[in-house]
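Let me begin by presenting the structure, written as structure tokens, before commenting on it.
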Amino acid sequence: MDADKETVRQFLQTYPKKTLDLDVLQDAFASWDYSRFRPAVAALLADGSLIAVRSAGVDFSGLPRRLKRVPAKLFSSVTTIQTEAIQLALSGKLDFSFYYEQPLTAWQADLPYIRKLSAWLSQGLPQGPASLQQRSWDIFTDEKYLLEAGVGLLKRLGLTTADLKICDQPDPLMMAVQPQLSANSRLPRAKRGSWLPCINDWM
């Protein structure tokens with residue numbers, strides 16, 4: 001039964017919706033007879049991986065006709081991520097729920113960048129507004145990271161550029177550190193022009 005339970009669990013891990021009808025789940029395992037299917041589903045209900053939607057009623061054997069997936073129980077990566085977040089003292093401003101429903105390798109791939117971002121968020125010092133390139137340099141020592149891969153990272157962690165106090169234009173400090181950047185550089189959601197808005201924000 002344990003093997004059958006894990007087979008159903010794997011199906012549920014990739015199922016795209018939060019709830020599903022028992023008929024849908026049974027159709028996915030149409031090659032199984034009911035005496036094999038029922039114990040596997042019952043085991044997932046017992047360990048909390050599935051929750052009954054009581055308003056939908058039950059079938060002839062007592063299984064709920066509608067089920068709700070519980071990612072924290074379905075994915076073994078949840079415990080690992082939560083434990084590492086505590087051990088590494090990662091910032092409470094970061095939302096790791098995206099990774100709970102992904103293979104653990106997704107978390108491991110992002111973790112070096114998550115640690116850098118967490119360290120910056122945890123500084124506890126006033127952070128003035130900065131351009132996207134400057135903030136990217138501040139956090140990741142790579143002025144292009146937030147223009148490229150970092151966009152997805154922020155989304156996965158539930159952050160926006162506003163949370164990082166990013167303004168629209170390149171600022172003088174970044175121009176000094178990275179002189180190849182032009183005051184007319186194109187930035188996401190930014191217009192060409194001077195970087196005076198950043199200067200004004202700092203004053």
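Ligands are numbered from 1 in the order shown, chains are lettered A, B, ... in the order of the structure tokens, and residues start at 1 in each chain.
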Contacts of Arg115 in chain A within 9 Å, only C-alpha atoms, excl. fewer than 3 positions in-chain, as number ranges by chain: A: 88, 90-91, 110-112, 118-120
Kindly export the residues of the current selection with N, CA and C atoms, as a PDB file, in the first residue's frame.
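That gives us result37.pdb:
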```
ATOM      1  N   LEU A  88      19.593  29.180   8.860  1.00  0.00           N
ATOM      2  CA  LEU A  88      20.324  30.257   8.190  1.00  0.00           C
ATOM      3  C   LEU A  88      19.826  31.638   8.594  1.00  0.00           C
ATOM      4  N   LEU A  90      17.126  33.224   7.809  1.00  0.00           N
ATOM      5  CA  LEU A  90      16.693  33.980   6.638  1.00  0.00           C
ATOM      6  C   LEU A  90      15.596  34.971   7.020  1.00  0.00           C
ATOM      7  N   SER A  91      15.572  36.076   6.333  1.00  0.00           N
ATOM      8  CA  SER A  91      14.656  37.176   6.652  1.00  0.00           C
ATOM      9  C   SER A  91      13.195  36.736   6.617  1.00  0.00           C
ATOM     10  N   ASP A 110      18.318  28.370  -5.990  1.00  0.00           N
ATOM     11  CA  ASP A 110      18.112  29.782  -5.649  1.00  0.00           C
ATOM     12  C   ASP A 110      18.737  30.177  -4.314  1.00  0.00           C
ATOM     13  N   LEU A 111      19.060  29.206  -3.484  1.00  0.00           N
ATOM     14  CA  LEU A 111      19.475  29.509  -2.115  1.00  0.00           C
ATOM     15  C   LEU A 111      20.660  30.476  -2.013  1.00  0.00           C
ATOM     16  N   PRO A 112      21.705  30.363  -2.831  1.00  0.00           N
ATOM     17  CA  PRO A 112      22.807  31.337  -2.704  1.00  0.00           C
ATOM     18  C   PRO A 112      22.337  32.778  -2.895  1.00  0.00           C
ATOM     19  N   SER A 118      18.515  38.017   1.666  1.00  0.00           N
ATOM     20  CA  SER A 118      18.147  38.012   3.079  1.00  0.00           C
ATOM     21  C   SER A 118      19.118  38.848   3.905  1.00  0.00           C
ATOM     22  N   ALA A 119      20.400  38.724   3.609  1.00  0.00           N
ATOM     23  CA  ALA A 119      21.412  39.489   4.349  1.00  0.00           C
ATOM     24  C   ALA A 119      21.193  40.982   4.169  1.00  0.00           C
ATOM     25  N   TRP A 120      20.854  41.387   2.950  1.00  0.00           N
ATOM     26  CA  TRP A 120      20.615  42.813   2.698  1.00  0.00           C
ATOM     27  C   TRP A 120      19.357  43.289   3.425  1.00  0.00           C
TER      28      TRP A 120
END
```
Near-range 157-167 of chain A list (7 Å; only C-alpha atoms; drop same-chain fewer than 6 positions) as a list in words: Leu94, Asp95, Phe96, Gly128, Pro129, Ala130, Ser131, Leu132, Arg135 and Cys198 of chain A
Keeping N, CA and C atoms, export the residues of the selection given above as a PDB file, in the first residue's frame.
```
ATOM      1  N   LEU A  94      10.777  37.297   3.484  1.00  0.00           N
ATOM      2  CA  LEU A  94      10.777  36.430   2.309  1.00  0.00           C
ATOM      3  C   LEU A  94       9.699  35.359   2.440  1.00  0.00           C
ATOM      4  N   ASP A  95       8.972  35.140   1.371  1.00  0.00           N
ATOM      5  CA  ASP A  95       7.910  34.133   1.332  1.00  0.00           C
ATOM      6  C   ASP A  95       8.422  32.928   0.544  1.00  0.00           C
ATOM      7  N   PHE A  96       8.555  31.792   1.210  1.00  0.00           N
ATOM      8  CA  PHE A  96       9.126  30.608   0.572  1.00  0.00           C
ATOM      9  C   PHE A  96       8.064  29.643   0.040  1.00  0.00           C
ATOM     10  N   GLY A 128      18.448  54.066   1.421  1.00  0.00           N
ATOM     11  CA  GLY A 128      17.877  55.069   0.537  1.00  0.00           C
ATOM     12  C   GLY A 128      17.518  54.459  -0.798  1.00  0.00           C
ATOM     13  N   PRO A 129      16.673  55.139  -1.580  1.00  0.00           N
ATOM     14  CA  PRO A 129      16.322  54.636  -2.899  1.00  0.00           C
ATOM     15  C   PRO A 129      17.535  54.566  -3.813  1.00  0.00           C
ATOM     16  N   ALA A 130      17.498  53.646  -4.750  1.00  0.00           N
ATOM     17  CA  ALA A 130      18.608  53.472  -5.686  1.00  0.00           C
ATOM     18  C   ALA A 130      18.062  52.948  -6.999  1.00  0.00           C
ATOM     19  N   SER A 131      18.870  53.058  -8.035  1.00  0.00           N
ATOM     20  CA  SER A 131      18.476  52.510  -9.330  1.00  0.00           C
ATOM     21  C   SER A 131      18.485  50.986  -9.272  1.00  0.00           C
ATOM     22  N   LEU A 132      17.900  50.392 -10.291  1.00  0.00           N
ATOM     23  CA  LEU A 132      17.856  48.930 -10.354  1.00  0.00           C
ATOM     24  C   LEU A 132      19.263  48.346 -10.388  1.00  0.00           C
ATOM     25  N   ARG A 135      20.997  48.813  -6.890  1.00  0.00           N
ATOM     26  CA  ARG A 135      20.496  47.891  -5.876  1.00  0.00           C
ATOM     27  C   ARG A 135      20.943  46.466  -6.181  1.00  0.00           C
ATOM     28  N   CYS A 198      16.169  60.106  -8.346  1.00  0.00           N
ATOM     29  CA  CYS A 198      16.879  59.399  -7.285  1.00  0.00           C
ATOM     30  C   CYS A 198      17.570  60.383  -6.357  1.00  0.00           C
TER      31      CYS A 198
END
```
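All residues in chain A with a DSSP state of strand (DSSP E or B), computed from the backbone, read Thr19, Leu20, Asp21, Leu50, Ile51, Ala52, Val58, Pro64, Arg66, Leu67, Lys68, Arg69, Ala130 and Ile166 of chain A.
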Can you write out the residues you just picked, keeping N, CA and C atoms, as a PDB file, in the first residue's frame?
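Written file, selection_34.pdb:
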```
ATOM      1  N   THR A  19      -8.024  21.865  -5.455  1.00  0.00           N
ATOM      2  CA  THR A  19      -8.991  20.816  -5.139  1.00  0.00           C
ATOM      3  C   THR A  19      -9.221  19.949  -6.373  1.00  0.00           C
ATOM      4  N   LEU A  20      -9.689  18.743  -6.138  1.00  0.00           N
ATOM      5  CA  LEU A  20     -10.046  17.865  -7.255  1.00  0.00           C
ATOM      6  C   LEU A  20     -11.141  16.913  -6.810  1.00  0.00           C
ATOM      7  N   ASP A  21     -11.943  16.503  -7.765  1.00  0.00           N
ATOM      8  CA  ASP A  21     -13.006  15.548  -7.478  1.00  0.00           C
ATOM      9  C   ASP A  21     -12.421  14.146  -7.379  1.00  0.00           C
ATOM     10  N   LEU A  50      -4.200  15.132   2.076  1.00  0.00           N
ATOM     11  CA  LEU A  50      -5.485  15.504   1.488  1.00  0.00           C
ATOM     12  C   LEU A  50      -6.464  15.828   2.610  1.00  0.00           C
ATOM     13  N   ILE A  51      -7.367  16.758   2.322  1.00  0.00           N
ATOM     14  CA  ILE A  51      -8.432  17.106   3.261  1.00  0.00           C
ATOM     15  C   ILE A  51      -9.761  16.966   2.531  1.00  0.00           C
ATOM     16  N   ALA A  52     -10.747  16.439   3.224  1.00  0.00           N
ATOM     17  CA  ALA A  52     -12.071  16.286   2.631  1.00  0.00           C
ATOM     18  C   ALA A  52     -12.769  17.635   2.513  1.00  0.00           C
ATOM     19  N   VAL A  58     -19.757  12.109   0.394  1.00  0.00           N
ATOM     20  CA  VAL A  58     -18.843  10.966   0.310  1.00  0.00           C
ATOM     21  C   VAL A  58     -19.390   9.941  -0.677  1.00  0.00           C
ATOM     22  N   PRO A  64     -14.285  10.979   0.571  1.00  0.00           N
ATOM     23  CA  PRO A  64     -14.849  12.280   0.178  1.00  0.00           C
ATOM     24  C   PRO A  64     -14.938  12.399  -1.344  1.00  0.00           C
ATOM     25  N   ARG A  66     -14.929  15.162  -2.936  1.00  0.00           N
ATOM     26  CA  ARG A  66     -14.022  16.238  -3.350  1.00  0.00           C
ATOM     27  C   ARG A  66     -12.905  16.344  -2.324  1.00  0.00           C
ATOM     28  N   LEU A  67     -11.703  16.581  -2.837  1.00  0.00           N
ATOM     29  CA  LEU A  67     -10.512  16.583  -1.992  1.00  0.00           C
ATOM     30  C   LEU A  67      -9.726  17.875  -2.180  1.00  0.00           C
ATOM     31  N   LYS A  68      -9.086  18.318  -1.117  1.00  0.00           N
ATOM     32  CA  LYS A  68      -8.223  19.501  -1.181  1.00  0.00           C
ATOM     33  C   LYS A  68      -6.786  19.080  -0.915  1.00  0.00           C
ATOM     34  N   ARG A  69      -5.889  19.506  -1.792  1.00  0.00           N
ATOM     35  CA  ARG A  69      -4.470  19.199  -1.633  1.00  0.00           C
ATOM     36  C   ARG A  69      -3.862  20.060  -0.530  1.00  0.00           C
ATOM     37  N   ALA A 130      17.498  53.646  -4.750  1.00  0.00           N
ATOM     38  CA  ALA A 130      18.608  53.472  -5.686  1.00  0.00           C
ATOM     39  C   ALA A 130      18.062  52.948  -6.999  1.00  0.00           C
ATOM     40  N   ILE A 166      13.747  50.566  -4.948  1.00  0.00           N
ATOM     41  CA  ILE A 166      14.337  50.833  -6.254  1.00  0.00           C
ATOM     42  C   ILE A 166      13.565  51.958  -6.928  1.00  0.00           C
TER      43      ILE A 166
END
```
Residues near Asp2 in chain A, cut-off 10 Å, only C-alpha atoms, skip fewer than 6 positions along chain, as a ChimeraX atom specification: /A:8,39-40,43
Which residues come within 12 Å of Ala149 in chain A, counting only C-alpha atoms, excluding same-chain residues fewer than 5 positions away, as a tab-separated table (two decimals) with N, CA and C atoms, in the first residue's frame?
```
chain	number	residue	atom	x	y	z
A	109	ALA	N	18.92	25.64	-5.95
A	109	ALA	CA	19.50	26.49	-7.00
A	109	ALA	C	19.41	27.97	-6.63
A	110	ASP	N	18.32	28.37	-5.99
A	110	ASP	CA	18.11	29.78	-5.65
A	110	ASP	C	18.74	30.18	-4.31
A	113	TYR	N	21.40	32.99	-3.81
A	113	TYR	CA	20.88	34.34	-4.06
A	113	TYR	C	19.90	34.76	-2.96
A	136	SER	N	20.96	46.12	-7.45
A	136	SER	CA	21.44	44.80	-7.84
A	136	SER	C	22.90	44.61	-7.42
A	140	PHE	N	23.75	41.75	-4.81
A	140	PHE	CA	24.32	40.57	-5.46
A	140	PHE	C	25.71	40.80	-6.06
A	142	ASP	N	26.35	42.29	-8.63
A	142	ASP	CA	26.16	42.07	-10.06
A	142	ASP	C	25.08	43.04	-10.52
A	143	GLU	N	25.47	44.09	-11.23
A	143	GLU	CA	24.51	45.13	-11.58
A	143	GLU	C	23.45	44.66	-12.57
A	144	LYS	N	23.63	43.50	-13.19
A	144	LYS	CA	22.67	43.01	-14.17
A	144	LYS	C	21.70	41.97	-13.60
A	154	LEU	N	12.64	37.57	-7.35
A	154	LEU	CA	11.79	38.43	-6.53
A	154	LEU	C	10.35	37.95	-6.55
A	155	LYS	N	9.87	37.58	-7.72
A	155	LYS	CA	8.49	37.10	-7.84
A	155	LYS	C	8.29	35.84	-7.02
A	156	ARG	N	9.24	34.92	-7.08
A	156	ARG	CA	9.12	33.67	-6.33
A	156	ARG	C	9.11	33.90	-4.83
```
Nearby residues (only C-alpha atoms) at most 12 Å from Ser76 in chain A, same-chain spacing under 2 positions excluded, as a list in words: Glu6, Arg9, Gln10, Gln13, Ser49, Val70, Pro71, Ala72, Lys73, Leu74, Val78, Thr79, Thr80, Ile81, Gln82, Thr83, Tyr99, Tyr100, Glu101, Gln102, Pro103 and Leu104 of chain A
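Note that CA of Gly48 in chain A and CA of Phe98 in chain A are 19.6 Å apart.
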Test item, alpha helix (DSSP H) assignment across range 23-198 of chain A, answer as a PyMOL selection string: chain A and resi 23-28+34-46+71-74+77-87+97-100+104-121+132-140+149-156+172-177+196-198
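Between CA of Leu63 in chain A and CA of Ala3 in chain A there is a distance of 19.7 Å.
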